[in-house]
Each structure stands twice: as structure tokens, then as C-alpha cells.
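Each remark here refers to the structure printed beneath this line.
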Amino acid sequence: MTGPARENYREDVAGRANVEDTAELKAYYGDLERFEAAALWTVANKIEPWEPKSESQPVLWRYADLREPVLRSVELVSPEKAGRRVIYLNNPGRRDVAAAVGWLYSGLQVMKPGEVASAHQHSASALRFIMEGKGAYTIVDGHKMTLGENDFVLTPNGSWHEHGVEADGTHCIWQDGLDIPLVNALEANFYKVHPNMQQPVAYPVDDSSYAWGAPGLQPVGHDWTKDYSPLLKYEWEPTYEALTKYAKSTDGSPFDGVLMEYVNPKTGGPVMATIGASMQLLRPGEKTRAHRHTGSSIYQVAKGEGYSIIGGKRFDWKKRDIFCVPAWAFHEHGNASKSDDACLFCFNDLPVMRALGLYREEAFGENQGHQPVN
Ligand code: GTQ
């Protein structure tokens, strides 16, 4: 028989596949192949690992490395030609699906004053986290939002959205986060360009935050009929204030410090069906314990400096750096400063894990028995 040797993933553990290759079996596998079929026992141990095995590597993307190349793209391509001028984060283990980690995509988008990107919609859900610049805005289904540093904005799946920078603004850079790889894996991705390339602003600017952004209060008689969150922009100042106030009343999580999730005020649940987001505060000198969980996360340092140990590797970070935590990788965080707090913005696919009944979590040193016993 010609062709590449067929792989046979054997394990010498009771209950696992362990069939030796014989000439007769090899011929049999060849016969099956002709009918687009194969013997499960040759791949069972691979497709049913004892525990999740992420293809993704832990990566730190330093802003000091990326800022210049991102700005250089402004001279090299126009948003008209590029569609969107974005430099995306390409995890070495996930280049085939353009993921930053797991099934999540992320990129740095840059626009100069007066530029606008064309309005579009897609089945992927998206968010932005503003890194630098003045005058950035996003329009989502007619709701225009002005954006400043560390503001977080949603562009839910199916919504018409576009981004721009006002003529009197400065160069703006923000992080995009999308579930493009997931939606492509599910083979459910559609894309449309707006028929007029741009959409009209249909409501007072920042109306979404004015109506829905007050903590603990909701507008009465406001008929919100869309299935996505009516709050589309989460500003930095109230977020930081909420964290510092919460820090006065809690020891925080041993794994995450003082952690708050951004929520859809209508449901109290995650900001989008497939993407969750949070901001966490590490107190001066705080070091967390290590844990791991299913689901992938991408962090951006919103404030301060420190380090994270991810899958046994140490990454030292400072403001605007981005790093990822692959599924089921142990991770812990530390604030390097003895006097200032540090804040980490995070987005993740935990809502998918939870909705599908796949969420699992484990503290370091408390192995719950996923390993082979012999
Ligand atoms: O603006 O919706 O970085 O569709 C990649 C794909 C941003 C967007 C990206 C996108 C967007």
C-alpha cells in the first residue's frame, strides 16, 4: 500500500484504545478509507483526550512592539481599500483560523482624524476596547457612541456598525475582539456591507449610556425590543469607581482579585451571547492563586503593571499590553507595584462554555482526576 502511514494513537491504559498495527488491519484501514470511513480505535485517544488540550500558546503582545507597526499601516493602506485597517493578533498555534487564542479573534484597529470605515454587519459578535486617541466613535444600529481611553463598546452580531474618528480628533487605536473563529467553526458566518456604505445617526449621541448606564437604575417605559444589550458603551470612569468601591467591601477572589463582569442590564447576564467581558483590579502587591478553567481569555492591561504566569511561563506586562490564556491553562496574576492598583480588561468565550454545559474550573493543586491512573 502506498500513501502516508496512518496514525494510530495507542494508549496502554485500561478502557483506552490500544490495537496493534498488523498487516491485515492496515489493509482493512485502507479498505475503509476508500469508502470515506475509518476505525475509531485508531483515533479515539486523540479525539477524546483525558482533558482539554489547547492548540493555542500563551502569548504576550507588547504594545511597545506593536504600536509603531500599527501606526505605519495608516501610511500603507486606506480603510476604503482595506475594509478595515487592522493588524490582528496571530497565535502561533491558531494561524489557520486567524485566532488570537482558542476560537477568539483580536486585532488592533487604527484610524486617523476624519476617517470612517464602511458600515457593515456580520454574524460574529464584536467589541472594542479603546487604547489611545481622541474623537473615536462607533455607530451601532443608529446609536452613535463617543469613545475615550479604556471605554468598552459592543457591536452585537447582526447589528449595522461602523467606526470613525472626528476630523478634530487624533489618531485612535483600539482593540477589536470578535468570535469570528467560533462562528466560522460553526459554519454560520454571514457578512453584509451597508447599502449606503454609511448609516444615519438615528438617536441622540450617547443615548444608550444615558438611558441604561446608571448603576442600579433602569428607564421606565423605554421599549427596547432588540435581543442585544441596550447598554452598548461601558465607560472607564464608572467602571473603575465601581471596582475601587467594591474593593472596600470584599477580599476578592483568590484567583482574580476584585473582579466585576460587564453585564447586559436587561438580563443581568453576559454582554453578548457568545462573548463575556470583565474588568479586574489587583491591589498593590497582590498575587493571586493559580487556577484553570475551560474557555479562552484575552486580557488587555488597562492600568498599572505586573505579571501573569500562564501554563508555567511568566509574562511581565504593563499598560496596553495584551496577553491570552488558552483553555485549561493554569494562570495567576500579580501586581508589581506596592503602591498602585493594576486593572485588567478581559474578554472570553465563557458564555459559550456555560450555555453548552462545558464550563469546568480547578484550583492549582486540586486535581479532580482527569489523568490516567496507571
Ligand atoms: O469592525 O466589525 O478587527 O468585522 C475584524 C473584523 C473588526 C469589525 C475586525 C471585523 C471588525
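In the C-alpha cells, the first chain shown is A, the next is B, and so on; residue numbers restart at 1 for each chain, and ligands run from 1 in the order shown.
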
Sorted per-residue table, stretch 146-203 of chain A near stretch 107-114 of chain A, closest atoms and distance, 6 Å, only C-alpha atoms, as a tab-separated table:
residue	atom	partner	partner_atom	distance
A:Val165	CA	A:Pro113	CA	5.1
A:Glu166	CA	A:Gly114	CA	5.2
A:Ala167	CA	A:Gly114	CA	4.0
A:Gly169	CA	A:Pro113	CA	5.2
A:Thr170	CA	A:Pro113	CA	5.5
A:His171	CA	A:Lys112	CA	4.4
A:Cys172	CA	A:Met111	CA	5.5
A:Ile173	CA	A:Val110	CA	4.5
A:Trp174	CA	A:Gln109	CA	5.5
A:Gln175	CA	A:Leu108	CA	4.6
A:Asp176	CA	A:Gly107	CA	5.2

Output N, CA, C and O atoms for every residue in the selection just made, as an mmCIF file, in the first residue's frame.
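Here's the written file part12.cif:
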data_model
loop_
_atom_site.group_PDB
_atom_site.id
_atom_site.type_symbol
_atom_site.label_atom_id
_atom_site.label_comp_id
_atom_site.auth_asym_id
_atom_site.auth_seq_id
_atom_site.Cartn_x
_atom_site.Cartn_y
_atom_site.Cartn_z
ATOM 1 N N VAL A 165 -13.254 58.462 13.255
ATOM 2 C CA VAL A 165 -12.633 59.441 14.153
ATOM 3 C C VAL A 165 -13.025 60.825 13.644
ATOM 4 O O VAL A 165 -12.921 61.102 12.437
ATOM 5 N N GLU A 166 -13.505 61.672 14.538
ATOM 6 C CA GLU A 166 -13.923 63.030 14.164
ATOM 7 C C GLU A 166 -12.736 63.791 13.558
ATOM 8 O O GLU A 166 -11.577 63.535 13.923
ATOM 9 N N ALA A 167 -13.048 64.751 12.687
ATOM 10 C CA ALA A 167 -11.995 65.496 11.988
ATOM 11 C C ALA A 167 -11.081 66.235 12.975
ATOM 12 O O ALA A 167 -9.892 66.436 12.709
ATOM 13 N N GLY A 169 -10.252 65.140 15.910
ATOM 14 C CA GLY A 169 -9.681 64.182 16.864
ATOM 15 C C GLY A 169 -8.204 63.928 16.584
ATOM 16 O O GLY A 169 -7.558 64.692 15.854
ATOM 17 N N THR A 170 -7.672 62.857 17.177
ATOM 18 C CA THR A 170 -6.268 62.467 16.963
ATOM 19 C C THR A 170 -6.259 61.018 16.438
ATOM 20 O O THR A 170 -7.310 60.372 16.413
ATOM 21 N N HIS A 171 -5.095 60.525 16.060
ATOM 22 C CA HIS A 171 -5.005 59.110 15.678
ATOM 23 C C HIS A 171 -5.554 58.253 16.827
ATOM 24 O O HIS A 171 -5.194 58.482 17.984
ATOM 25 N N CYS A 172 -6.402 57.310 16.489
ATOM 26 C CA CYS A 172 -7.007 56.467 17.530
ATOM 27 C C CYS A 172 -6.659 55.008 17.267
ATOM 28 O O CYS A 172 -6.668 54.557 16.124
ATOM 29 N N ILE A 173 -6.355 54.307 18.337
ATOM 30 C CA ILE A 173 -6.103 52.863 18.233
ATOM 31 C C ILE A 173 -7.003 52.165 19.246
ATOM 32 O O ILE A 173 -7.107 52.611 20.393
ATOM 33 N N TRP A 174 -7.664 51.128 18.791
ATOM 34 C CA TRP A 174 -8.460 50.340 19.745
ATOM 35 C C TRP A 174 -8.292 48.871 19.440
ATOM 36 O O TRP A 174 -7.865 48.464 18.357
ATOM 37 N N GLN A 175 -8.593 48.070 20.447
ATOM 38 C CA GLN A 175 -8.555 46.614 20.294
ATOM 39 C C GLN A 175 -9.929 46.126 19.888
ATOM 40 O O GLN A 175 -10.932 46.460 20.520
ATOM 41 N N ASP A 176 -9.986 45.353 18.813
ATOM 42 C CA ASP A 176 -11.215 44.668 18.423
ATOM 43 C C ASP A 176 -11.196 43.272 19.019
ATOM 44 O O ASP A 176 -10.147 42.616 19.030
#

Interface rows for chain A against ligand 1: nearest pair, Å to one decimal, 10 Å, only C-alpha atoms and all ligand atoms, as a Markdown table:
| residue | atom | partner | partner_atom_place_in_ligand_line | distance |
| --- | --- | --- | --- | --- |
| A:Gly83 | CA | ligand 1 | 4 (O) | 8.8 |
| A:Arg84 | CA | ligand 1 | 1 (O) | 6.6 |
| A:Arg85 | CA | ligand 1 | 3 (O) | 7.9 |
| A:Val86 | CA | ligand 1 | 3 (O) | 5.5 |
| A:Ile87 | CA | ligand 1 | 3 (O) | 7.6 |
| A:Tyr88 | CA | ligand 1 | 3 (O) | 6.8 |
| A:Leu89 | CA | ligand 1 | 3 (O) | 9.6 |
| A:Tyr105 | CA | ligand 1 | 5 (C) | 7.7 |
| A:Ser106 | CA | ligand 1 | 3 (O) | 6.3 |
| A:Gly107 | CA | ligand 1 | 3 (O) | 4.9 |
| A:Leu108 | CA | ligand 1 | 3 (O) | 6.7 |
| A:Gln109 | CA | ligand 1 | 3 (O) | 6.3 |
| A:Val110 | CA | ligand 1 | 3 (O) | 10.0 |
| A:Ala117 | CA | ligand 1 | 1 (O) | 8.2 |
| A:Ser118 | CA | ligand 1 | 1 (O) | 9.1 |
| A:Ala119 | CA | ligand 1 | 1 (O) | 8.6 |
| A:His120 | CA | ligand 1 | 2 (O) | 7.2 |
| A:Gln121 | CA | ligand 1 | 2 (O) | 7.1 |
| A:His122 | CA | ligand 1 | 4 (O) | 6.8 |
| A:Ser123 | CA | ligand 1 | 4 (O) | 9.3 |
| A:Ala124 | CA | ligand 1 | 4 (O) | 7.5 |
| A:Ser125 | CA | ligand 1 | 2 (O) | 8.0 |
| A:Ala126 | CA | ligand 1 | 2 (O) | 6.1 |
| A:Leu127 | CA | ligand 1 | 2 (O) | 8.1 |
| A:Arg128 | CA | ligand 1 | 1 (O) | 8.5 |
| A:Thr138 | CA | ligand 1 | 1 (O) | 9.4 |
| A:Thr155 | CA | ligand 1 | 2 (O) | 7.3 |
| A:Pro156 | CA | ligand 1 | 2 (O) | 9.3 |
| A:Asn157 | CA | ligand 1 | 2 (O) | 9.2 |
| A:Ser159 | CA | ligand 1 | 2 (O) | 9.7 |
| A:Trp160 | CA | ligand 1 | 2 (O) | 9.1 |
| A:His161 | CA | ligand 1 | 2 (O) | 7.0 |
| A:Glu162 | CA | ligand 1 | 1 (O) | 6.7 |
| A:His163 | CA | ligand 1 | 1 (O) | 7.2 |
| A:Trp174 | CA | ligand 1 | 3 (O) | 9.4 |
| A:Gln175 | CA | ligand 1 | 3 (O) | 7.7 |
| A:Asp176 | CA | ligand 1 | 3 (O) | 5.0 |
| A:Gly177 | CA | ligand 1 | 3 (O) | 6.9 |
| A:Leu178 | CA | ligand 1 | 5 (C) | 7.0 |
| A:Asp179 | CA | ligand 1 | 6 (C) | 9.4 |
| A:Ile180 | CA | ligand 1 | 6 (C) | 7.6 |
| A:Tyr191 | CA | ligand 1 | 4 (O) | 8.4 |

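Residues with any atom within 7 Å of A:Pro200, counting only C-alpha atoms and excluding same-chain neighbours fewer than 2 positions away, are Gly142, Gln198 and Ala202 of chain A.
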
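Within stretch 50-187 of chain A, the backbone-based DSSP assignment of helix (DSSP H, G or I) covers A:Tyr63, A:Ala64, A:Asp65, A:Leu66, A:Arg67, A:Glu68, A:Pro69, A:Val70, A:Leu71, A:Arg72, A:Ser73, A:Val74, A:Glu75, A:Leu76, A:Pro79, A:Glu80, A:Lys81, A:Ala82, A:Arg95, A:Asp96, A:Val97, A:Ile180, A:Pro181, A:Leu182, A:Val183, A:Asn184, A:Ala185.
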
Write out as CSV a residue-level contact list of stretch 250-330 of chain A versus stretch 60-73 of chain A with cut-off 12 Å: for each qualifying residue the closest pair of atoms and the distance in Å to one decimal, counting only C-alpha atoms, rows sorted by chain and residue number upward.
residue,atom,partner,partner_atom,distance
A:Ile298,CA,A:Leu60,CA,9.9
A:Tyr299,CA,A:Leu60,CA,9.4
A:Gln300,CA,A:Trp61,CA,9.5
A:Val301,CA,A:Tyr63,CA,10.0
A:Ala302,CA,A:Tyr63,CA,11.9
A:Tyr307,CA,A:Leu60,CA,10.4
A:Ser308,CA,A:Leu60,CA,9.7
A:Ile309,CA,A:Leu60,CA,11.0
A:Ile310,CA,A:Leu60,CA,10.1
A:Lys313,CA,A:Leu60,CA,10.6
A:Arg314,CA,A:Leu60,CA,9.7
A:Phe315,CA,A:Leu60,CA,6.6
A:Asp316,CA,A:Leu60,CA,8.4
A:Trp317,CA,A:Arg62,CA,7.5
A:Lys318,CA,A:Arg62,CA,8.2
A:Lys319,CA,A:Tyr63,CA,8.1
A:Arg320,CA,A:Tyr63,CA,5.8
A:Asp321,CA,A:Arg62,CA,4.7
A:Ile322,CA,A:Trp61,CA,5.1
A:Phe323,CA,A:Leu60,CA,4.2
A:Cys324,CA,A:Leu60,CA,6.8
A:Val325,CA,A:Leu60,CA,9.6
A:Pro326,CA,A:Leu60,CA,12.0

Dump of N, CA, C and O atoms for the selected residues, as a PDB file, in the first residue's frame:
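The file below, result29.pdb, is the result:
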ATOM      1  N   ILE A 298      -8.745  36.700  26.585  1.00  0.00           N
ATOM      2  CA  ILE A 298      -7.779  37.684  26.109  1.00  0.00           C
ATOM      3  C   ILE A 298      -7.839  38.872  27.058  1.00  0.00           C
ATOM      4  O   ILE A 298      -8.932  39.382  27.350  1.00  0.00           O
ATOM      5  N   TYR A 299      -6.678  39.273  27.554  1.00  0.00           N
ATOM      6  CA  TYR A 299      -6.584  40.366  28.519  1.00  0.00           C
ATOM      7  C   TYR A 299      -5.907  41.573  27.893  1.00  0.00           C
ATOM      8  O   TYR A 299      -4.972  41.420  27.111  1.00  0.00           O
ATOM      9  N   GLN A 300      -6.363  42.756  28.285  1.00  0.00           N
ATOM     10  CA  GLN A 300      -5.597  43.962  27.992  1.00  0.00           C
ATOM     11  C   GLN A 300      -5.360  44.701  29.312  1.00  0.00           C
ATOM     12  O   GLN A 300      -6.303  44.870  30.114  1.00  0.00           O
ATOM     13  N   VAL A 301      -4.132  45.155  29.507  1.00  0.00           N
ATOM     14  CA  VAL A 301      -3.804  45.871  30.736  1.00  0.00           C
ATOM     15  C   VAL A 301      -4.352  47.296  30.623  1.00  0.00           C
ATOM     16  O   VAL A 301      -3.905  48.074  29.777  1.00  0.00           O
ATOM     17  N   ALA A 302      -5.329  47.607  31.450  1.00  0.00           N
ATOM     18  CA  ALA A 302      -5.954  48.930  31.402  1.00  0.00           C
ATOM     19  C   ALA A 302      -5.232  49.926  32.306  1.00  0.00           C
ATOM     20  O   ALA A 302      -5.322  51.141  32.106  1.00  0.00           O
ATOM     21  N   TYR A 307       2.522  40.997  36.338  1.00  0.00           N
ATOM     22  CA  TYR A 307       2.923  39.801  35.586  1.00  0.00           C
ATOM     23  C   TYR A 307       1.825  38.759  35.692  1.00  0.00           C
ATOM     24  O   TYR A 307       0.974  38.812  36.599  1.00  0.00           O
ATOM     25  N   SER A 308       1.851  37.828  34.753  1.00  0.00           N
ATOM     26  CA  SER A 308       0.969  36.671  34.841  1.00  0.00           C
ATOM     27  C   SER A 308       1.813  35.444  34.548  1.00  0.00           C
ATOM     28  O   SER A 308       2.714  35.497  33.709  1.00  0.00           O
ATOM     29  N   ILE A 309       1.537  34.365  35.252  1.00  0.00           N
ATOM     30  CA  ILE A 309       2.189  33.093  34.948  1.00  0.00           C
ATOM     31  C   ILE A 309       1.125  32.219  34.299  1.00  0.00           C
ATOM     32  O   ILE A 309       0.085  31.936  34.895  1.00  0.00           O
ATOM     33  N   ILE A 310       1.361  31.880  33.031  1.00  0.00           N
ATOM     34  CA  ILE A 310       0.354  31.177  32.225  1.00  0.00           C
ATOM     35  C   ILE A 310       0.982  29.904  31.688  1.00  0.00           C
ATOM     36  O   ILE A 310       1.987  29.953  30.973  1.00  0.00           O
ATOM     37  N   LYS A 313       4.678  29.720  32.283  1.00  0.00           N
ATOM     38  CA  LYS A 313       5.569  30.748  31.718  1.00  0.00           C
ATOM     39  C   LYS A 313       5.224  32.107  32.299  1.00  0.00           C
ATOM     40  O   LYS A 313       4.030  32.457  32.384  1.00  0.00           O
ATOM     41  N   ARG A 314       6.246  32.874  32.629  1.00  0.00           N
ATOM     42  CA  ARG A 314       5.984  34.193  33.208  1.00  0.00           C
ATOM     43  C   ARG A 314       5.990  35.269  32.122  1.00  0.00           C
ATOM     44  O   ARG A 314       6.875  35.319  31.273  1.00  0.00           O
ATOM     45  N   PHE A 315       4.976  36.134  32.161  1.00  0.00           N
ATOM     46  CA  PHE A 315       4.869  37.251  31.229  1.00  0.00           C
ATOM     47  C   PHE A 315       4.751  38.533  32.044  1.00  0.00           C
ATOM     48  O   PHE A 315       3.807  38.686  32.820  1.00  0.00           O
ATOM     49  N   ASP A 316       5.705  39.442  31.867  1.00  0.00           N
ATOM     50  CA  ASP A 316       5.640  40.726  32.573  1.00  0.00           C
ATOM     51  C   ASP A 316       4.935  41.736  31.676  1.00  0.00           C
ATOM     52  O   ASP A 316       5.302  41.889  30.517  1.00  0.00           O
ATOM     53  N   TRP A 317       3.917  42.408  32.226  1.00  0.00           N
ATOM     54  CA  TRP A 317       3.108  43.296  31.385  1.00  0.00           C
ATOM     55  C   TRP A 317       2.990  44.688  31.968  1.00  0.00           C
ATOM     56  O   TRP A 317       3.204  44.906  33.161  1.00  0.00           O
ATOM     57  N   LYS A 318       2.700  45.624  31.077  1.00  0.00           N
ATOM     58  CA  LYS A 318       2.346  46.965  31.529  1.00  0.00           C
ATOM     59  C   LYS A 318       1.198  47.502  30.685  1.00  0.00           C
ATOM     60  O   LYS A 318       0.741  46.822  29.764  1.00  0.00           O
ATOM     61  N   LYS A 319       0.747  48.715  31.012  1.00  0.00           N
ATOM     62  CA  LYS A 319      -0.453  49.268  30.399  1.00  0.00           C
ATOM     63  C   LYS A 319      -0.446  49.109  28.872  1.00  0.00           C
ATOM     64  O   LYS A 319       0.570  49.408  28.245  1.00  0.00           O
ATOM     65  N   ARG A 320      -1.578  48.610  28.350  1.00  0.00           N
ATOM     66  CA  ARG A 320      -1.828  48.425  26.911  1.00  0.00           C
ATOM     67  C   ARG A 320      -1.290  47.126  26.334  1.00  0.00           C
ATOM     68  O   ARG A 320      -1.553  46.825  25.183  1.00  0.00           O
ATOM     69  N   ASP A 321      -0.483  46.401  27.131  1.00  0.00           N
ATOM     70  CA  ASP A 321      -0.078  45.083  26.645  1.00  0.00           C
ATOM     71  C   ASP A 321      -1.303  44.164  26.626  1.00  0.00           C
ATOM     72  O   ASP A 321      -2.256  44.360  27.402  1.00  0.00           O
ATOM     73  N   ILE A 322      -1.251  43.180  25.745  1.00  0.00           N
ATOM     74  CA  ILE A 322      -2.355  42.225  25.601  1.00  0.00           C
ATOM     75  C   ILE A 322      -1.766  40.826  25.766  1.00  0.00           C
ATOM     76  O   ILE A 322      -0.674  40.560  25.266  1.00  0.00           O
ATOM     77  N   PHE A 323      -2.469  39.966  26.470  1.00  0.00           N
ATOM     78  CA  PHE A 323      -1.999  38.581  26.557  1.00  0.00           C
ATOM     79  C   PHE A 323      -3.193  37.640  26.571  1.00  0.00           C
ATOM     80  O   PHE A 323      -4.331  38.057  26.813  1.00  0.00           O
ATOM     81  N   CYS A 324      -2.911  36.370  26.263  1.00  0.00           N
ATOM     82  CA  CYS A 324      -4.018  35.410  26.202  1.00  0.00           C
ATOM     83  C   CYS A 324      -3.782  34.253  27.154  1.00  0.00           C
ATOM     84  O   CYS A 324      -2.639  33.906  27.464  1.00  0.00           O
ATOM     85  N   VAL A 325      -4.870  33.691  27.611  1.00  0.00           N
ATOM     86  CA  VAL A 325      -4.833  32.483  28.434  1.00  0.00           C
ATOM     87  C   VAL A 325      -5.611  31.392  27.700  1.00  0.00           C
ATOM     88  O   VAL A 325      -6.830  31.489  27.550  1.00  0.00           O
ATOM     89  N   PRO A 326      -4.904  30.380  27.193  1.00  0.00           N
ATOM     90  CA  PRO A 326      -5.589  29.291  26.491  1.00  0.00           C
ATOM     91  C   PRO A 326      -6.465  28.471  27.441  1.00  0.00           C
ATOM     92  O   PRO A 326      -6.236  28.457  28.656  1.00  0.00           O
TER      93      PRO A 326
END

Between atom CA of A:Thr22 and atom CA of A:Thr42, distance in Å (one decimal): 12.5 Å

Close residues, A:His293 itself excluded, 7 Å, only C-alpha atoms, min 3 positions apart in chain, as a PyMOL selection string: chain A and resi 327-328+360-362

Surrounding residues of stretch 222-230 of chain A excluding itself and chain neighbours under 5 positions, 10 Å, only C-alpha atoms, as a VMD selection string: chain A and resid 154 to 159 207 to 209 211 to 213 263 to 273

For the residues in that selection, give me all heavy atoms as a short mmCIF file (atom, residue, chain, number, x, y, z; two decimals), in the first residue's frame.
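Generated file (result.cif):
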data_model
loop_
_atom_site.label_atom_id
_atom_site.label_comp_id
_atom_site.auth_asym_id
_atom_site.auth_seq_id
_atom_site.Cartn_x
_atom_site.Cartn_y
_atom_site.Cartn_z
N LEU A 154 -19.87 47.62 22.59
CA LEU A 154 -20.35 46.39 21.95
C LEU A 154 -20.82 46.68 20.54
O LEU A 154 -21.44 47.71 20.28
CB LEU A 154 -21.57 45.84 22.70
CG LEU A 154 -21.51 45.70 24.21
CD1 LEU A 154 -22.84 45.11 24.72
CD2 LEU A 154 -20.35 44.80 24.59
N THR A 155 -20.56 45.75 19.63
CA THR A 155 -21.24 45.76 18.33
C THR A 155 -21.79 44.35 18.14
O THR A 155 -21.15 43.49 17.54
CB THR A 155 -20.28 46.18 17.19
OG1 THR A 155 -19.06 45.44 17.27
CG2 THR A 155 -19.91 47.64 17.29
N PRO A 156 -22.99 44.13 18.68
CA PRO A 156 -23.54 42.76 18.73
C PRO A 156 -23.77 42.18 17.33
O PRO A 156 -23.91 42.92 16.36
CB PRO A 156 -24.88 42.95 19.44
CG PRO A 156 -24.76 44.25 20.17
CD PRO A 156 -23.87 45.10 19.31
N ASN A 157 -23.79 40.85 17.27
CA ASN A 157 -23.96 40.20 15.97
C ASN A 157 -25.27 40.64 15.31
O ASN A 157 -26.28 40.83 15.97
CB ASN A 157 -23.91 38.66 16.09
CG ASN A 157 -24.92 38.11 17.07
OD1 ASN A 157 -25.46 38.83 17.90
ND2 ASN A 157 -25.18 36.83 16.98
N GLY A 158 -25.20 40.86 14.01
CA GLY A 158 -26.38 41.26 13.25
C GLY A 158 -26.63 42.76 13.25
O GLY A 158 -27.47 43.24 12.49
N SER A 159 -25.92 43.53 14.09
CA SER A 159 -26.16 44.99 14.10
C SER A 159 -25.32 45.65 13.01
O SER A 159 -24.21 45.22 12.71
CB SER A 159 -25.78 45.57 15.48
OG SER A 159 -24.42 45.39 15.75
N ASP A 207 -27.01 58.10 23.58
CA ASP A 207 -28.30 57.85 24.25
C ASP A 207 -28.30 56.51 25.00
O ASP A 207 -28.94 56.38 26.05
CB ASP A 207 -29.46 57.89 23.26
CG ASP A 207 -29.47 56.68 22.34
OD1 ASP A 207 -28.41 56.34 21.79
OD2 ASP A 207 -30.54 56.05 22.19
N SER A 208 -27.55 55.53 24.48
CA SER A 208 -27.56 54.21 25.12
C SER A 208 -27.00 54.30 26.55
O SER A 208 -27.60 53.76 27.49
CB SER A 208 -26.72 53.25 24.26
OG SER A 208 -26.10 52.27 25.02
N SER A 209 -25.89 55.03 26.71
CA SER A 209 -25.32 55.17 28.07
C SER A 209 -26.20 56.04 28.94
O SER A 209 -26.34 55.78 30.14
CB SER A 209 -23.94 55.82 28.01
OG SER A 209 -23.15 55.18 27.07
N ALA A 211 -29.44 56.37 28.87
CA ALA A 211 -30.65 55.67 29.30
C ALA A 211 -30.34 54.48 30.19
O ALA A 211 -31.07 54.22 31.15
CB ALA A 211 -31.45 55.22 28.07
N TRP A 212 -29.28 53.74 29.88
CA TRP A 212 -29.08 52.43 30.50
C TRP A 212 -27.81 52.32 31.33
O TRP A 212 -27.53 51.27 31.91
CB TRP A 212 -29.06 51.34 29.42
CG TRP A 212 -30.36 51.22 28.72
CD1 TRP A 212 -30.72 51.82 27.54
CD2 TRP A 212 -31.50 50.48 29.15
NE1 TRP A 212 -32.01 51.49 27.20
CE2 TRP A 212 -32.51 50.67 28.18
CE3 TRP A 212 -31.77 49.67 30.26
CZ2 TRP A 212 -33.77 50.08 28.30
CZ3 TRP A 212 -33.02 49.09 30.38
CH2 TRP A 212 -34.00 49.29 29.40
N GLY A 213 -27.03 53.40 31.41
CA GLY A 213 -25.72 53.29 32.05
C GLY A 213 -25.68 53.62 33.52
O GLY A 213 -24.64 53.52 34.15
N VAL A 263 -22.23 43.58 32.30
CA VAL A 263 -23.45 42.80 32.03
C VAL A 263 -24.45 43.58 31.16
O VAL A 263 -24.41 44.81 31.08
CB VAL A 263 -24.18 42.37 33.33
CG1 VAL A 263 -23.32 41.42 34.15
CG2 VAL A 263 -24.60 43.57 34.16
N ASN A 264 -25.31 42.82 30.55
CA ASN A 264 -26.48 43.36 29.85
C ASN A 264 -27.50 43.74 30.93
O ASN A 264 -27.97 42.87 31.66
CB ASN A 264 -27.02 42.24 28.94
CG ASN A 264 -28.35 42.58 28.30
OD1 ASN A 264 -29.06 43.48 28.72
ND2 ASN A 264 -28.68 41.82 27.26
N PRO A 265 -27.86 45.04 31.08
CA PRO A 265 -28.74 45.43 32.19
C PRO A 265 -30.14 44.83 32.08
O PRO A 265 -30.84 44.71 33.08
CB PRO A 265 -28.78 46.96 32.09
CG PRO A 265 -28.31 47.29 30.72
CD PRO A 265 -27.42 46.18 30.28
N LYS A 266 -30.52 44.43 30.91
CA LYS A 266 -31.85 43.83 30.73
C LYS A 266 -31.91 42.42 31.32
O LYS A 266 -32.94 41.99 31.81
CB LYS A 266 -32.17 43.70 29.23
CG LYS A 266 -32.93 44.86 28.64
CD LYS A 266 -34.33 44.91 29.20
CE LYS A 266 -35.31 45.54 28.26
NZ LYS A 266 -36.54 45.95 28.94
N THR A 267 -30.79 41.69 31.23
CA THR A 267 -30.81 40.28 31.64
C THR A 267 -29.94 40.01 32.86
O THR A 267 -30.09 38.97 33.50
CB THR A 267 -30.25 39.40 30.50
OG1 THR A 267 -28.87 39.77 30.28
CG2 THR A 267 -31.02 39.59 29.19
N GLY A 268 -29.01 40.91 33.16
CA GLY A 268 -28.03 40.65 34.22
C GLY A 268 -26.97 39.65 33.78
O GLY A 268 -26.06 39.32 34.52
N GLY A 269 -27.09 39.16 32.54
CA GLY A 269 -26.17 38.15 32.02
C GLY A 269 -25.04 38.78 31.23
O GLY A 269 -24.86 40.00 31.23
N PRO A 270 -24.26 37.95 30.55
CA PRO A 270 -23.09 38.46 29.80
C PRO A 270 -23.49 39.48 28.73
O PRO A 270 -24.65 39.52 28.30
CB PRO A 270 -22.49 37.20 29.16
CG PRO A 270 -23.52 36.15 29.27
CD PRO A 270 -24.42 36.49 30.41
N VAL A 271 -22.51 40.28 28.31
CA VAL A 271 -22.82 41.37 27.38
C VAL A 271 -23.32 40.86 26.04
O VAL A 271 -24.11 41.52 25.37
CB VAL A 271 -21.60 42.30 27.18
CG1 VAL A 271 -21.40 43.18 28.39
CG2 VAL A 271 -20.33 41.52 26.86
N MET A 272 -22.83 39.71 25.61
CA MET A 272 -23.31 39.12 24.36
C MET A 272 -23.46 37.62 24.56
O MET A 272 -22.92 37.06 25.51
CB MET A 272 -22.35 39.47 23.21
CG MET A 272 -22.41 40.98 22.89
SD MET A 272 -21.40 41.54 21.51
CE MET A 272 -19.77 41.54 22.24
N ALA A 273 -24.19 36.97 23.66
CA ALA A 273 -24.47 35.54 23.86
C ALA A 273 -23.21 34.69 23.84
O ALA A 273 -23.12 33.67 24.51
CB ALA A 273 -25.45 35.05 22.78
#

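Each of A:Leu243, A:Val101, A:Val59, A:Leu217 was compared to A:Met260 using only C-alpha atoms, and A:Leu243 turns out to be the nearest.
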